[in-house]
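Encoded as structure tokens, the structure appears first; notes follow it.
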Amino acid sequence: MSNVPSADLSGKVALITGASSGIGRATAVMLARAGADVALNYWTMPEAAEEAAAEIRALGRKALLLKVDITSQDAVEAMVAKTISELGGVDIYVSSAVYSDREPFTTANMEGFRRTIDVSMWGSFYTLRACCNQMIKQGREGAVVIISSPHAHIAFANCMAYNIAKAGNDQMARSAAMEMLPHKIKVNILHPGWTDTPGERKFFSEDTLQQAGQATPMGRLATPEEMALGVLFLVDSRNGYLTGSTLSLDGGLSLPWWSKRGTGDF
């Protein structure tokens, strides 16, 4: 997407976790196009993180690379402190970092099970806490987007740890939205549909992904850029009355799409 979004984030600083690939990377570039300086947290795919930072700098915005394992609260707090010292503050936080193993819970490798929850839930919380504390100190409006998942309310088999983490994300975000109301910090949730990201290659082949995309209501997988536009909508200051809400960008997956279109018959 070459056009600058209509939202104006000039003078804002955004911190995005999981920004080296997929939705996180697309969001980092999208917010930079709208005028924000960006702190890009990542843990894997360092070359991709460098490429994203270069793309942001080419737009005339600042890009701060932060290789941090967000499962450590101390490391997260140091990361936010570095963002403040290097970029001047934090106005936007987008939680996009995830880890997921998929196995039956009865035989799951517990190291991977715990890692899934530690990254996808606790890491999101640690960063939310540190960023909101900074936003409160700043005394101006702030915005948070927790990129969650339909896994928060659909019990997909062999995904128990991820289901738990995303359900926790949703309730965490709504609770934070309540507590942040006096501080004019809005907290919202994004539920992406099935999106074409590098992370999907951990579980599916290219052929499987293409076939699966064709079977969805839209006939294709979503792009990371489409999800980034949803994030941009949620952080746009013109949407100041929007908090504690869930934006579902699922391409109709929540509809009864398995029924015959237009007939209501199964």
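Residues are referred to by chain and number: the chain letter is A, B, ... according to the order shown in the structure tokens, the number counts from 1 in that chain, and ligands are numbered separately from 1 in the order shown.
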Write down as a CSV table (one decimal) with N, CA and C atoms, in the first residue's frame the residues of range 33-235 of chain A whose backbone DSSP state falls under strand (DSSP E).
chain,number,residue,atom,x,y,z
A,37,ASP,N,6.5,7.6,14.9
A,37,ASP,CA,7.7,6.9,15.1
A,37,ASP,C,7.5,5.6,15.7
A,38,VAL,N,8.3,4.6,15.5
A,38,VAL,CA,7.9,3.2,15.8
A,38,VAL,C,9.1,2.5,16.5
A,39,ALA,N,8.7,1.9,17.7
A,39,ALA,CA,9.6,1.0,18.4
A,39,ALA,C,9.2,-0.5,18.0
A,40,LEU,N,10.1,-1.2,17.4
A,40,LEU,CA,9.7,-2.5,16.9
A,40,LEU,C,10.4,-3.6,17.8
A,41,ASN,N,9.5,-4.2,18.6
A,41,ASN,CA,10.0,-5.4,19.3
A,41,ASN,C,10.0,-6.7,18.5
A,42,TYR,N,11.0,-7.5,18.7
A,42,TYR,CA,11.0,-8.8,18.0
A,42,TYR,C,11.9,-9.7,18.8
A,63,ALA,N,12.8,4.6,13.7
A,63,ALA,CA,12.5,3.2,13.9
A,63,ALA,C,13.6,2.7,14.9
A,64,LEU,N,13.1,2.2,16.1
A,64,LEU,CA,13.9,1.7,17.1
A,64,LEU,C,13.7,0.2,17.2
A,65,LEU,N,14.8,-0.6,17.0
A,65,LEU,CA,14.7,-2.0,17.0
A,65,LEU,C,15.0,-2.5,18.5
A,66,LEU,N,14.2,-3.4,19.0
A,66,LEU,CA,14.3,-3.9,20.3
A,66,LEU,C,14.1,-5.4,20.3
A,67,LYS,N,15.3,-6.1,20.4
A,67,LYS,CA,15.2,-7.6,20.5
A,67,LYS,C,15.1,-7.9,21.9
A,92,ILE,N,1.1,4.8,21.7
A,92,ILE,CA,0.3,3.7,21.2
A,92,ILE,C,1.1,2.4,21.5
A,93,TYR,N,0.3,1.4,22.0
A,93,TYR,CA,0.9,0.1,22.2
A,93,TYR,C,0.0,-0.9,21.4
A,94,VAL,N,0.7,-1.7,20.6
A,94,VAL,CA,0.0,-2.8,19.8
A,94,VAL,C,0.7,-4.1,20.2
A,95,SER,N,-0.1,-5.0,20.8
A,95,SER,CA,0.3,-6.3,21.2
A,95,SER,C,0.1,-7.3,20.0
A,142,GLY,N,-4.0,8.1,25.1
A,142,GLY,CA,-3.2,7.0,24.6
A,142,GLY,C,-4.1,6.0,23.9
A,143,ALA,N,-3.5,5.0,23.2
A,143,ALA,CA,-4.3,4.0,22.6
A,143,ALA,C,-3.6,2.7,22.6
A,144,VAL,N,-4.3,1.6,22.9
A,144,VAL,CA,-3.8,0.3,23.0
A,144,VAL,C,-4.7,-0.6,22.1
A,145,VAL,N,-4.0,-1.5,21.3
A,145,VAL,CA,-4.7,-2.5,20.6
A,145,VAL,C,-4.1,-3.9,21.0
A,146,ILE,N,-4.9,-4.8,21.5
A,146,ILE,CA,-4.5,-6.1,21.7
A,146,ILE,C,-5.0,-7.0,20.6
A,147,ILE,N,-4.0,-7.5,19.8
A,147,ILE,CA,-4.4,-8.4,18.7
A,147,ILE,C,-4.6,-9.8,19.3
A,185,ILE,N,-7.1,6.8,28.1
A,185,ILE,CA,-6.4,5.8,27.3
A,185,ILE,C,-7.4,4.7,26.9
A,186,LYS,N,-7.6,4.6,25.6
A,186,LYS,CA,-8.6,3.6,25.1
A,186,LYS,C,-7.9,2.3,24.8
A,187,VAL,N,-8.5,1.2,25.1
A,187,VAL,CA,-8.0,-0.1,24.9
A,187,VAL,C,-9.0,-0.9,24.1
A,188,ASN,N,-8.6,-1.4,23.0
A,188,ASN,CA,-9.5,-2.2,22.1
A,188,ASN,C,-8.8,-3.5,21.7
A,189,ILE,N,-9.6,-4.4,21.1
A,189,ILE,CA,-9.2,-5.7,20.7
A,189,ILE,C,-9.4,-5.9,19.2
A,190,LEU,N,-8.5,-6.5,18.5
A,190,LEU,CA,-8.7,-6.9,17.1
A,190,LEU,C,-8.7,-8.4,17.0
A,191,HIS,N,-9.7,-9.0,16.4
A,191,HIS,CA,-9.8,-10.4,16.1
A,191,HIS,C,-9.6,-10.6,14.6
A,192,PRO,N,-8.4,-10.9,14.2
A,192,PRO,CA,-8.1,-11.2,12.8
A,192,PRO,C,-8.7,-12.5,12.3
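Distance check against Gly230 in chain A using only C-alpha atoms: of A:Thr243, A:Ser149, A:Ser248, A:Ser72, the minimum falls on A:Ser248.
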In Å to one decimal, how far is CA of Met227 in chain A from CA of Asp118 in chain A? 23.7 Å
What's around Ile136 in chain A at 12 Å? Count only C-alpha atoms, leave out sequence neighbours fewer than 2 positions away in its own chain, and write the answer as a PDB file with N, CA and C atoms, in the first residue's frame.
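Written out: result-v9.pdb:
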ATOM      1  N   GLY A  89       8.699   8.850  24.458  1.00  0.00           N
ATOM      2  CA  GLY A  89       7.469   8.463  25.135  1.00  0.00           C
ATOM      3  C   GLY A  89       6.829   7.264  24.469  1.00  0.00           C
ATOM      4  N   VAL A  90       5.605   6.946  24.883  1.00  0.00           N
ATOM      5  CA  VAL A  90       4.804   5.894  24.263  1.00  0.00           C
ATOM      6  C   VAL A  90       3.358   6.387  24.211  1.00  0.00           C
ATOM      7  N   ASP A  91       2.817   6.485  23.020  1.00  0.00           N
ATOM      8  CA  ASP A  91       1.426   6.921  22.846  1.00  0.00           C
ATOM      9  C   ASP A  91       0.513   5.789  22.382  1.00  0.00           C
ATOM     10  N   LEU A 128       1.601  -4.248  28.279  1.00  0.00           N
ATOM     11  CA  LEU A 128       0.434  -3.394  28.545  1.00  0.00           C
ATOM     12  C   LEU A 128       0.641  -2.603  29.827  1.00  0.00           C
ATOM     13  N   ARG A 129       1.064  -3.265  30.869  1.00  0.00           N
ATOM     14  CA  ARG A 129       1.254  -2.612  32.176  1.00  0.00           C
ATOM     15  C   ARG A 129       2.294  -1.503  32.073  1.00  0.00           C
ATOM     16  N   ALA A 130       3.441  -1.808  31.476  1.00  0.00           N
ATOM     17  CA  ALA A 130       4.519  -0.821  31.391  1.00  0.00           C
ATOM     18  C   ALA A 130       4.122   0.357  30.510  1.00  0.00           C
ATOM     19  N   CYS A 131       3.466   0.076  29.400  1.00  0.00           N
ATOM     20  CA  CYS A 131       3.068   1.156  28.484  1.00  0.00           C
ATOM     21  C   CYS A 131       1.980   2.030  29.098  1.00  0.00           C
ATOM     22  N   CYS A 132       1.009   1.423  29.748  1.00  0.00           N
ATOM     23  CA  CYS A 132      -0.064   2.216  30.351  1.00  0.00           C
ATOM     24  C   CYS A 132       0.470   3.082  31.486  1.00  0.00           C
ATOM     25  N   ASN A 133       1.417   2.574  32.270  1.00  0.00           N
ATOM     26  CA  ASN A 133       2.018   3.394  33.315  1.00  0.00           C
ATOM     27  C   ASN A 133       2.697   4.621  32.721  1.00  0.00           C
ATOM     28  N   GLN A 134       3.371   4.426  31.583  1.00  0.00           N
ATOM     29  CA  GLN A 134       4.009   5.567  30.921  1.00  0.00           C
ATOM     30  C   GLN A 134       2.970   6.537  30.359  1.00  0.00           C
ATOM     31  N   GLN A 138       2.449  10.541  31.195  1.00  0.00           N
ATOM     32  CA  GLN A 138       2.465  11.567  30.161  1.00  0.00           C
ATOM     33  C   GLN A 138       1.264  12.501  30.269  1.00  0.00           C
ATOM     34  N   GLY A 139       0.150  11.979  30.773  1.00  0.00           N
ATOM     35  CA  GLY A 139      -1.030  12.799  30.993  1.00  0.00           C
ATOM     36  C   GLY A 139      -1.740  13.228  29.733  1.00  0.00           C
ATOM     37  N   ARG A 140      -1.596  12.454  28.674  1.00  0.00           N
ATOM     38  CA  ARG A 140      -2.317  12.757  27.439  1.00  0.00           C
ATOM     39  C   ARG A 140      -2.977  11.478  26.930  1.00  0.00           C
ATOM     40  N   GLU A 141      -3.795  11.617  25.914  1.00  0.00           N
ATOM     41  CA  GLU A 141      -4.521  10.461  25.387  1.00  0.00           C
ATOM     42  C   GLU A 141      -3.563   9.385  24.869  1.00  0.00           C
ATOM     43  N   GLY A 142      -3.962   8.146  25.066  1.00  0.00           N
ATOM     44  CA  GLY A 142      -3.187   7.024  24.559  1.00  0.00           C
ATOM     45  C   GLY A 142      -4.109   5.992  23.945  1.00  0.00           C
ATOM     46  N   ALA A 143      -3.505   5.042  23.237  1.00  0.00           N
ATOM     47  CA  ALA A 143      -4.301   3.999  22.580  1.00  0.00           C
ATOM     48  C   ALA A 143      -3.569   2.667  22.647  1.00  0.00           C
ATOM     49  N   GLU A 179     -10.256   0.367  33.566  1.00  0.00           N
ATOM     50  CA  GLU A 179      -9.372   1.070  34.486  1.00  0.00           C
ATOM     51  C   GLU A 179      -8.703   2.284  33.859  1.00  0.00           C
ATOM     52  N   MET A 180      -8.572   2.298  32.543  1.00  0.00           N
ATOM     53  CA  MET A 180      -7.896   3.399  31.866  1.00  0.00           C
ATOM     54  C   MET A 180      -8.838   4.534  31.463  1.00  0.00           C
ATOM     55  N   LEU A 181     -10.143   4.359  31.674  1.00  0.00           N
ATOM     56  CA  LEU A 181     -11.102   5.409  31.311  1.00  0.00           C
ATOM     57  C   LEU A 181     -10.758   6.775  31.928  1.00  0.00           C
ATOM     58  N   PRO A 182     -10.407   6.836  33.211  1.00  0.00           N
ATOM     59  CA  PRO A 182     -10.107   8.152  33.794  1.00  0.00           C
ATOM     60  C   PRO A 182      -8.875   8.814  33.187  1.00  0.00           C
ATOM     61  N   HIS A 183      -8.031   8.008  32.533  1.00  0.00           N
ATOM     62  CA  HIS A 183      -6.771   8.534  31.994  1.00  0.00           C
ATOM     63  C   HIS A 183      -6.849   8.817  30.492  1.00  0.00           C
ATOM     64  N   LYS A 184      -8.021   8.649  29.918  1.00  0.00           N
ATOM     65  CA  LYS A 184      -8.225   8.877  28.483  1.00  0.00           C
ATOM     66  C   LYS A 184      -7.314   7.998  27.625  1.00  0.00           C
ATOM     67  N   ILE A 185      -7.135   6.775  28.094  1.00  0.00           N
ATOM     68  CA  ILE A 185      -6.383   5.767  27.335  1.00  0.00           C
ATOM     69  C   ILE A 185      -7.381   4.716  26.871  1.00  0.00           C
ATOM     70  N   LYS A 186      -7.580   4.603  25.579  1.00  0.00           N
ATOM     71  CA  LYS A 186      -8.553   3.638  25.062  1.00  0.00           C
ATOM     72  C   LYS A 186      -7.855   2.312  24.770  1.00  0.00           C
TER      73      LYS A 186
END
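Taking CA of Ala48 in chain A and CA of Ser20 in chain A as endpoints, the distance between them is 5.4 Å.
Atom pair CA of Asp8 in chain A / CA of Gly24 in chain A has a distance of 19.4 Å (rounded to one decimal).
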Range 27-154 of chain A: which residues are alpha helix (DSSP H) by DSSP, as a ChimeraX atom specification? /A:27-33,46-58,73-87,110-117,124-138
